[in-house]
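K.L.:
data_2.csv is reproduced below (CSV, C-alpha atoms).
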```csv
chain,number,residue,atom,x,y,z
A,1,MET,CA,0.0,0.0,0.0
A,2,LYS,CA,1.4,3.4,-1.0
A,3,GLN,CA,1.3,6.1,1.6
A,4,THR,CA,-0.7,9.3,0.8
A,5,ALA,CA,0.5,12.8,1.5
A,6,VAL,CA,-2.1,15.5,2.0
A,7,LEU,CA,-1.8,19.2,1.0
A,8,ILE,CA,-4.5,21.8,1.7
A,9,ILE,CA,-4.5,25.0,-0.4
A,10,THR,CA,-7.0,27.9,0.2
A,11,HIS,CA,-7.6,31.6,-0.1
A,12,GLY,CA,-6.3,33.1,3.1
A,13,LYS,CA,-5.2,31.1,6.1
A,14,PHE,CA,-8.2,29.0,6.8
A,15,GLY,CA,-6.7,25.9,5.3
A,16,ILE,CA,-3.7,26.3,7.7
A,17,GLU,CA,-6.1,26.6,10.6
A,18,LEU,CA,-8.3,23.8,9.3
A,19,LEU,CA,-5.3,21.4,9.5
A,20,LYS,CA,-4.6,22.6,13.1
A,21,SER,CA,-8.3,22.0,14.0
A,22,VAL,CA,-8.3,18.5,12.6
A,23,GLU,CA,-5.2,17.7,14.5
A,24,MET,CA,-6.8,19.1,17.6
A,25,ILE,CA,-9.6,16.5,17.1
A,26,ILE,CA,-7.7,13.4,15.9
A,27,GLY,CA,-4.1,14.1,16.8
A,28,GLU,CA,-1.0,15.2,15.0
A,29,GLN,CA,-0.6,14.0,11.4
A,30,GLN,CA,2.5,13.1,9.3
A,31,ASP,CA,2.8,14.1,5.6
A,32,ALA,CA,0.1,16.8,6.1
A,33,PHE,CA,0.7,20.3,4.7
A,34,ALA,CA,-1.3,23.5,4.3
A,35,LEU,CA,-0.7,26.6,2.2
A,36,GLY,CA,-2.7,29.8,2.0
A,37,LEU,CA,-2.8,32.6,-0.6
A,38,CYS,CA,-3.2,35.9,1.2
A,39,LEU,CA,-3.6,39.4,-0.2
A,40,GLY,CA,-0.3,40.6,-1.7
A,41,ASN,CA,1.1,37.0,-2.0
A,42,ASP,CA,2.6,36.0,-5.3
A,43,VAL,CA,0.8,33.1,-7.0
A,44,ASP,CA,4.2,31.9,-8.4
A,45,ASP,CA,5.5,31.5,-4.8
A,46,LEU,CA,2.3,29.5,-3.9
A,47,ARG,CA,2.9,27.2,-6.9
A,48,ASN,CA,6.6,26.8,-6.1
A,49,ASP,CA,5.8,26.0,-2.4
A,50,ALA,CA,3.2,23.5,-3.5
A,51,GLU,CA,5.5,21.9,-6.1
A,52,LYS,CA,8.2,21.4,-3.5
A,53,ILE,CA,5.9,19.5,-1.3
A,54,VAL,CA,4.4,17.5,-4.1
A,55,ARG,CA,7.8,16.6,-5.6
A,56,LYS,CA,9.3,15.5,-2.2
A,57,ALA,CA,6.3,13.3,-1.6
A,58,LYS,CA,6.3,11.8,-5.0
A,59,GLU,CA,10.1,11.2,-4.9
A,60,SER,CA,9.6,9.2,-1.7
A,61,GLY,CA,7.0,7.0,-3.4
A,62,LYS,CA,3.9,8.6,-1.9
A,63,ASP,CA,0.6,9.4,-3.6
A,64,VAL,CA,-0.6,13.0,-3.1
A,65,ILE,CA,-4.2,14.4,-2.5
A,66,ILE,CA,-4.6,18.1,-2.7
A,67,LEU,CA,-7.7,19.6,-1.1
A,68,VAL,CA,-8.8,23.1,-2.1
A,69,ASP,CA,-11.5,25.5,-1.0
A,70,LEU,CA,-13.3,25.9,-4.3
A,71,LEU,CA,-13.0,25.4,-8.1
A,72,GLY,CA,-11.8,28.7,-9.5
A,73,GLY,CA,-9.1,31.1,-8.3
A,74,SER,CA,-5.4,30.5,-7.7
A,75,PRO,CA,-5.5,27.7,-5.1
A,76,SER,CA,-7.5,25.4,-7.5
A,77,ASN,CA,-5.4,26.6,-10.5
A,78,VAL,CA,-2.2,25.6,-8.7
A,79,ALA,CA,-3.8,22.3,-7.6
A,80,LEU,CA,-5.1,21.4,-11.1
A,81,TYR,CA,-1.6,22.3,-12.6
A,82,MET,CA,-0.1,19.8,-10.1
A,83,ALA,CA,-2.7,17.2,-11.1
A,84,LYS,CA,-1.5,17.4,-14.7
A,85,ALA,CA,2.2,17.9,-14.1
A,86,HIS,CA,2.6,15.4,-11.2
A,87,ASP,CA,-0.3,13.0,-11.4
A,88,VAL,CA,-1.8,14.0,-8.1
A,89,LYS,CA,-5.5,13.9,-7.1
A,90,VAL,CA,-7.5,17.1,-6.3
A,91,VAL,CA,-10.7,17.5,-4.3
A,92,THR,CA,-12.6,20.9,-4.1
A,93,GLY,CA,-14.9,22.2,-1.4
A,94,VAL,CA,-12.8,21.0,1.5
A,95,ASN,CA,-14.5,20.6,4.9
A,96,ILE,CA,-13.3,19.1,8.1
A,97,LEU,CA,-15.2,15.8,7.6
A,98,MET,CA,-13.2,15.1,4.4
A,99,LEU,CA,-10.0,15.6,6.3
A,100,ILE,CA,-11.0,13.4,9.2
A,101,GLU,CA,-11.9,10.6,6.7
A,102,LEU,CA,-8.7,11.1,4.8
A,103,PHE,CA,-6.4,10.9,7.8
A,104,SER,CA,-8.4,8.0,9.3
A,105,SER,CA,-8.4,5.9,6.2
A,106,ARG,CA,-5.2,6.6,4.3
A,107,GLU,CA,-3.4,3.7,5.9
A,108,SER,CA,-6.0,1.2,4.7
A,109,LYS,CA,-7.2,2.4,1.3
A,110,GLU,CA,-5.6,2.8,-2.1
A,111,VAL,CA,-5.7,6.4,-3.4
A,112,ASP,CA,-8.7,6.0,-5.7
A,113,GLU,CA,-10.8,4.3,-3.1
A,114,LEU,CA,-9.6,6.8,-0.5
A,115,LEU,CA,-10.6,9.7,-2.8
A,116,ALA,CA,-14.1,8.3,-3.2
A,117,ALA,CA,-14.5,7.9,0.5
A,118,VAL,CA,-13.3,11.5,1.1
A,119,VAL,CA,-15.8,12.9,-1.4
A,120,SER,CA,-18.8,10.9,0.0
A,121,THR,CA,-17.9,11.7,3.6
A,122,GLY,CA,-17.6,15.4,2.8
A,123,VAL,CA,-21.0,15.3,1.0
A,124,GLU,CA,-22.8,13.2,3.7
A,125,GLY,CA,-21.6,15.4,6.5
A,126,ILE,CA,-23.5,18.4,5.1
A,127,LYS,CA,-26.8,18.4,6.9
A,128,GLN,CA,-29.4,20.9,8.0
A,129,PHE,CA,-31.1,21.0,11.4
A,130,PRO,CA,-34.0,21.0,12.2
A,131,GLN,CA,-34.3,18.5,9.3
B,1,MET,CA,-38.0,39.8,3.6
B,2,LYS,CA,-36.3,39.2,7.0
B,3,GLN,CA,-32.5,39.7,7.1
B,4,THR,CA,-30.3,36.7,8.0
B,5,ALA,CA,-27.4,36.8,10.4
B,6,VAL,CA,-24.6,34.2,10.0
B,7,LEU,CA,-22.6,32.6,12.8
B,8,ILE,CA,-19.8,30.1,12.2
B,9,ILE,CA,-18.7,27.9,15.1
B,10,THR,CA,-15.7,25.4,14.8
B,11,HIS,CA,-13.1,23.5,16.7
B,12,GLY,CA,-10.0,25.8,16.7
B,13,LYS,CA,-9.7,29.0,14.8
B,14,PHE,CA,-10.5,27.8,11.2
B,15,GLY,CA,-14.0,29.2,11.2
B,16,ILE,CA,-12.7,32.6,12.1
B,17,GLU,CA,-10.1,32.4,9.3
B,18,LEU,CA,-12.8,30.9,7.0
B,19,LEU,CA,-14.9,34.1,7.4
B,20,LYS,CA,-11.8,36.2,6.6
B,21,SER,CA,-11.1,34.1,3.5
B,22,VAL,CA,-14.7,34.5,2.2
B,23,GLU,CA,-14.5,38.3,2.8
B,24,MET,CA,-11.2,38.3,0.9
B,25,ILE,CA,-13.1,36.8,-2.1
B,26,ILE,CA,-16.5,38.5,-2.0
B,27,GLY,CA,-15.9,41.6,0.3
B,28,GLU,CA,-16.7,42.5,3.9
B,29,GLN,CA,-20.0,41.2,5.3
B,30,GLN,CA,-22.5,42.6,7.8
B,31,ASP,CA,-24.1,40.4,10.5
B,32,ALA,CA,-21.4,37.8,10.1
B,33,PHE,CA,-19.7,36.3,13.1
B,34,ALA,CA,-17.3,33.4,13.8
B,35,LEU,CA,-16.4,31.7,17.1
B,36,GLY,CA,-13.8,29.0,17.7
B,37,LEU,CA,-13.3,26.5,20.6
B,38,CYS,CA,-9.6,26.2,21.3
B,39,LEU,CA,-7.8,23.9,23.7
B,40,GLY,CA,-8.4,25.1,27.2
B,41,ASN,CA,-11.4,27.2,26.3
B,42,ASP,CA,-14.6,26.8,28.4
B,43,VAL,CA,-17.6,25.4,26.5
B,44,ASP,CA,-19.8,27.6,28.7
B,45,ASP,CA,-18.0,30.7,27.5
B,46,LEU,CA,-18.5,29.5,23.9
B,47,ARG,CA,-22.3,29.0,24.5
B,48,ASN,CA,-22.5,32.4,26.2
B,49,ASP,CA,-20.7,34.2,23.3
B,50,ALA,CA,-23.0,32.4,20.8
B,51,GLU,CA,-26.1,33.2,22.7
B,52,LYS,CA,-25.2,36.9,22.9
B,53,ILE,CA,-24.9,37.0,19.1
B,54,VAL,CA,-28.1,35.0,18.5
B,55,ARG,CA,-30.2,37.0,21.0
B,56,LYS,CA,-29.0,40.3,19.5
B,57,ALA,CA,-29.8,39.2,16.0
B,58,LYS,CA,-33.2,37.8,16.9
B,59,GLU,CA,-34.1,40.9,19.0
B,60,SER,CA,-33.5,43.0,15.9
B,61,GLY,CA,-35.8,40.8,13.9
B,62,LYS,CA,-33.3,38.8,12.0
B,63,ASP,CA,-33.2,35.1,11.2
B,64,VAL,CA,-30.0,33.3,12.2
B,65,ILE,CA,-28.1,30.5,10.4
B,66,ILE,CA,-25.3,28.8,12.4
B,67,LEU,CA,-22.7,26.8,10.4
B,68,VAL,CA,-20.6,24.3,12.2
B,69,ASP,CA,-17.6,22.1,11.3
B,70,LEU,CA,-19.2,18.7,12.0
B,71,LEU,CA,-22.0,17.0,13.9
B,72,GLY,CA,-20.6,15.9,17.2
B,73,GLY,CA,-18.5,17.9,19.7
B,74,SER,CA,-19.1,21.2,21.5
B,75,PRO,CA,-19.5,23.5,18.4
B,76,SER,CA,-22.5,21.5,17.1
B,77,ASN,CA,-23.8,20.9,20.7
B,78,VAL,CA,-23.9,24.7,21.2
B,79,ALA,CA,-25.5,25.2,17.8
B,80,LEU,CA,-28.2,22.6,18.3
B,81,TYR,CA,-28.9,24.0,21.7
B,82,MET,CA,-29.4,27.4,20.0
B,83,ALA,CA,-31.7,25.8,17.4
B,84,LYS,CA,-34.0,24.5,20.1
B,85,ALA,CA,-33.8,27.5,22.5
B,86,HIS,CA,-33.9,30.3,19.9
B,87,ASP,CA,-35.4,28.8,16.7
B,88,VAL,CA,-32.2,29.2,14.6
B,89,LYS,CA,-31.2,27.0,11.7
B,90,VAL,CA,-28.0,24.9,11.7
B,91,VAL,CA,-25.9,23.5,8.9
B,92,THR,CA,-23.0,21.0,9.5
B,93,GLY,CA,-19.9,20.4,7.4
B,94,VAL,CA,-19.2,24.0,6.6
B,95,ASN,CA,-17.1,24.8,3.5
B,96,ILE,CA,-16.4,28.1,1.7
B,97,LEU,CA,-18.9,27.4,-1.1
B,98,MET,CA,-21.8,27.3,1.4
B,99,LEU,CA,-20.7,30.7,2.8
B,100,ILE,CA,-20.3,32.3,-0.6
B,101,GLU,CA,-23.9,31.1,-1.5
B,102,LEU,CA,-25.2,32.3,1.9
B,103,PHE,CA,-23.8,35.7,1.7
B,104,SER,CA,-24.7,36.1,-2.0
B,105,SER,CA,-28.3,35.0,-1.7
B,106,ARG,CA,-29.4,36.1,1.8
B,107,GLU,CA,-30.9,39.4,0.5
B,108,SER,CA,-33.1,37.6,-2.0
B,109,LYS,CA,-34.3,34.4,-0.3
B,110,GLU,CA,-36.3,33.5,2.8
B,111,VAL,CA,-34.5,31.5,5.4
B,112,ASP,CA,-35.8,28.0,4.4
B,113,GLU,CA,-35.1,28.5,0.7
B,114,LEU,CA,-31.7,30.0,1.6
B,115,LEU,CA,-30.9,27.0,3.8
B,116,ALA,CA,-31.7,24.6,1.0
B,117,ALA,CA,-29.5,26.6,-1.5
B,118,VAL,CA,-26.6,26.6,1.0
B,119,VAL,CA,-26.8,22.8,1.5
B,120,SER,CA,-27.0,22.0,-2.2
B,121,THR,CA,-24.2,24.5,-3.1
B,122,GLY,CA,-22.0,23.0,-0.4
B,123,VAL,CA,-22.6,19.5,-1.7
B,124,GLU,CA,-22.3,20.3,-5.4
B,125,GLY,CA,-19.0,22.1,-4.8
B,126,ILE,CA,-17.3,18.9,-3.6
B,127,LYS,CA,-15.7,17.4,-6.7
B,128,GLN,CA,-12.7,15.3,-7.5
B,129,PHE,CA,-10.2,15.8,-10.3
B,130,PRO,CA,-9.3,14.1,-12.5
B,131,GLN,CA,-13.0,13.1,-12.7
```
Re-express the file's structure as structure tokens.

P.N.:
Amino acid sequence: MKQTAVLIITHGKFGIELLKSVEMIIGEQQDAFALGLCLGNDVDDLRNDAEKIVRKAKESGKDVIILVDLLGGSPSNVALYMAKAHDVKVVTGVNILMLIELFSSRESKEVDELLAAVVSTGVEGIKQFPQ
Amino acid sequence: MKQTAVLIITHGKFGIELLKSVEMIIGEQQDAFALGLCLGNDVDDLRNDAEKIVRKAKESGKDVIILVDLLGGSPSNVALYMAKAHDVKVVTGVNILMLIELFSSRESKEVDELLAAVVSTGVEGIKQFPQ
């Protein structure tokens, strides 16, 4: 079973805090990274930082899943570039449920099965109350 | 049309940063609040802070939608308590797409219609690439 590295990319710092919040709930994670594009940041720097993380993971034989906030804008552009250039998987619409599933299941599932579980867990966790 | 106030409650600070990230994309929002439960924080303080925000909004005739990270844990417990005690709506699994929809549509939709749009936008924004 290949290991899977995780990279979160968002507008602003919420992806960085999201990773901290997940770790607060389920404990510290290895091979888990988060980058944010803040006002005044250079998109080339974001792409370079992402590419360093992806290359290092791929060179050590790991799969990579990148989670972004939404389709459209620089975070997803960078992620979709990585998908083409480095054969990584991308998921949009990141929420905390997707990350809990990802970190809990990545030791026991191959990347395609893992990706499907992440998407369905993210979707199923969106509920309204009162129902 | 009643106005709708928005409150985000999460583990850690990611909800606070999530609100900042949304505002970075679509501009500053009125009647938009975010609270986070960090390690060492008292849940009673969180509930009191949330209740102050909800009471103030309701007293000025607004509907309230609370978005939380996940079902389970203190943020959703506080939100579901508010749902019962103060007749507010709650959505779990918050992602940035839900917030963009909420802030973009709250002037033109009643709260139930708004809630349905928020949930479906959040769900539909979760996609994997390559597809």

K.L.:
I'd like a table as CSV: residues in chain A with an atom no more than 10 Å from chain B, each row giving the shortest atom pair and its distance in Å to one decimal, only C-alpha atoms counted, sorted by chain and rising residue number.

P.N.:
```
residue,atom,partner,partner_atom,distance
A:Thr10,CA,B:Ser21,CA,8.1
A:His11,CA,B:Ser21,CA,5.6
A:Gly12,CA,B:Ser21,CA,4.9
A:Lys13,CA,B:Glu17,CA,6.0
A:Phe14,CA,B:Glu17,CA,4.6
A:Gly15,CA,B:Phe14,CA,7.3
A:Ile16,CA,B:Phe14,CA,7.8
A:Glu17,CA,B:Phe14,CA,4.6
A:Leu18,CA,B:Phe14,CA,4.9
A:Leu19,CA,B:Phe14,CA,8.4
A:Lys20,CA,B:Gly12,CA,7.2
A:Ser21,CA,B:Gly12,CA,5.0
A:Val22,CA,B:His11,CA,8.1
A:Glu23,CA,B:Gly12,CA,9.7
A:Met24,CA,B:Gly12,CA,7.5
A:Ile25,CA,B:His11,CA,7.8
A:Gly36,CA,B:Ser21,CA,9.6
A:Leu37,CA,B:Ser21,CA,9.4
A:Cys38,CA,B:Met24,CA,8.4
A:Leu39,CA,B:Met24,CA,7.8
A:Ile65,CA,B:Gln128,CA,9.9
A:Ile66,CA,B:Phe129,CA,9.7
A:Leu67,CA,B:Gln128,CA,9.2
A:Val68,CA,B:Ile126,CA,9.6
A:Asp69,CA,B:Ile96,CA,6.2
A:Leu70,CA,B:Leu97,CA,6.6
A:Leu71,CA,B:Gly125,CA,7.6
A:Gly73,CA,B:Ile25,CA,9.3
A:Ala79,CA,B:Phe129,CA,9.5
A:Leu80,CA,B:Phe129,CA,7.6
A:Ala83,CA,B:Pro130,CA,7.4
A:Lys84,CA,B:Pro130,CA,8.8
A:Asp87,CA,B:Pro130,CA,9.1
A:Val88,CA,B:Pro130,CA,8.7
A:Lys89,CA,B:Phe129,CA,6.0
A:Val90,CA,B:Phe129,CA,5.0
A:Val91,CA,B:Gln128,CA,4.4
A:Thr92,CA,B:Ile126,CA,5.1
A:Gly93,CA,B:Ile126,CA,4.6
A:Val94,CA,B:Asn95,CA,6.1
A:Asn95,CA,B:Asn95,CA,5.1
A:Ile96,CA,B:Asp69,CA,6.1
A:Leu97,CA,B:Gly93,CA,6.6
A:Met98,CA,B:Gly93,CA,9.1
A:Leu115,CA,B:Gln128,CA,7.6
A:Ala116,CA,B:Gln128,CA,8.3
A:Val118,CA,B:Gln128,CA,9.4
A:Val119,CA,B:Ile126,CA,6.6
A:Ser120,CA,B:Ile126,CA,8.9
A:Thr121,CA,B:Gly93,CA,9.7
A:Gly122,CA,B:Gly93,CA,7.2
A:Val123,CA,B:Val123,CA,5.2
A:Glu124,CA,B:Val123,CA,8.3
A:Gly125,CA,B:Gly93,CA,5.4
A:Ile126,CA,B:Gly93,CA,4.7
A:Lys127,CA,B:Thr92,CA,5.3
A:Gln128,CA,B:Val91,CA,4.5
A:Phe129,CA,B:Val90,CA,5.0
A:Pro130,CA,B:Lys89,CA,6.6
A:Gln131,CA,B:Val90,CA,9.3
```

K.L.:
Please list, as a ChimeraX atom specification, the residues that have an atom at most 12 Å away from (9.1, 9.4, -1.0) in the coordinates of this file, counting all atoms listed in the file.

P.N.:
/A:2-5,31,53-64

K.L.:
So the first atom is CA of Ile100 (chain B) and the second is CA of Gly27 (chain B); what is the distance between them in Å, to one decimal place?

P.N.:
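So the two atoms, CA of Ile100 (chain B) and CA of Gly27 (chain B), lie 10.3 Å apart.
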
K.L.:
Find the distance between CA of Ser104 (chain A) and CA of Met1 (chain A) and write it in Å to one decimal.

P.N.:
14.9 Å

K.L.:
Just to confirm, what's the straight-line distance from CA of Asn41 (chain B) to CA of Ser74 (chain B) in Å (one decimal)?

P.N.:
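Rounded to one decimal, the two atoms are 10.9 Å apart.
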
K.L.:
Here is a test: counting all atoms listed in the file, which residue of B:Met82, B:Glu101, B:Ile9, B:Arg47 is nearest to Leu35 (chain B)?

P.N.:
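Checking each of B:Met82, B:Glu101, B:Ile9, B:Arg47 against Leu35 (chain B), counting all atoms listed in the file, the winner is B:Ile9.
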
K.L.:
Nearest to Phe33 (chain A): which of A:Leu7, A:Val78, A:Ala117, A:Leu99 is it, counting all atoms listed in the file?

P.N.:
A:Leu7
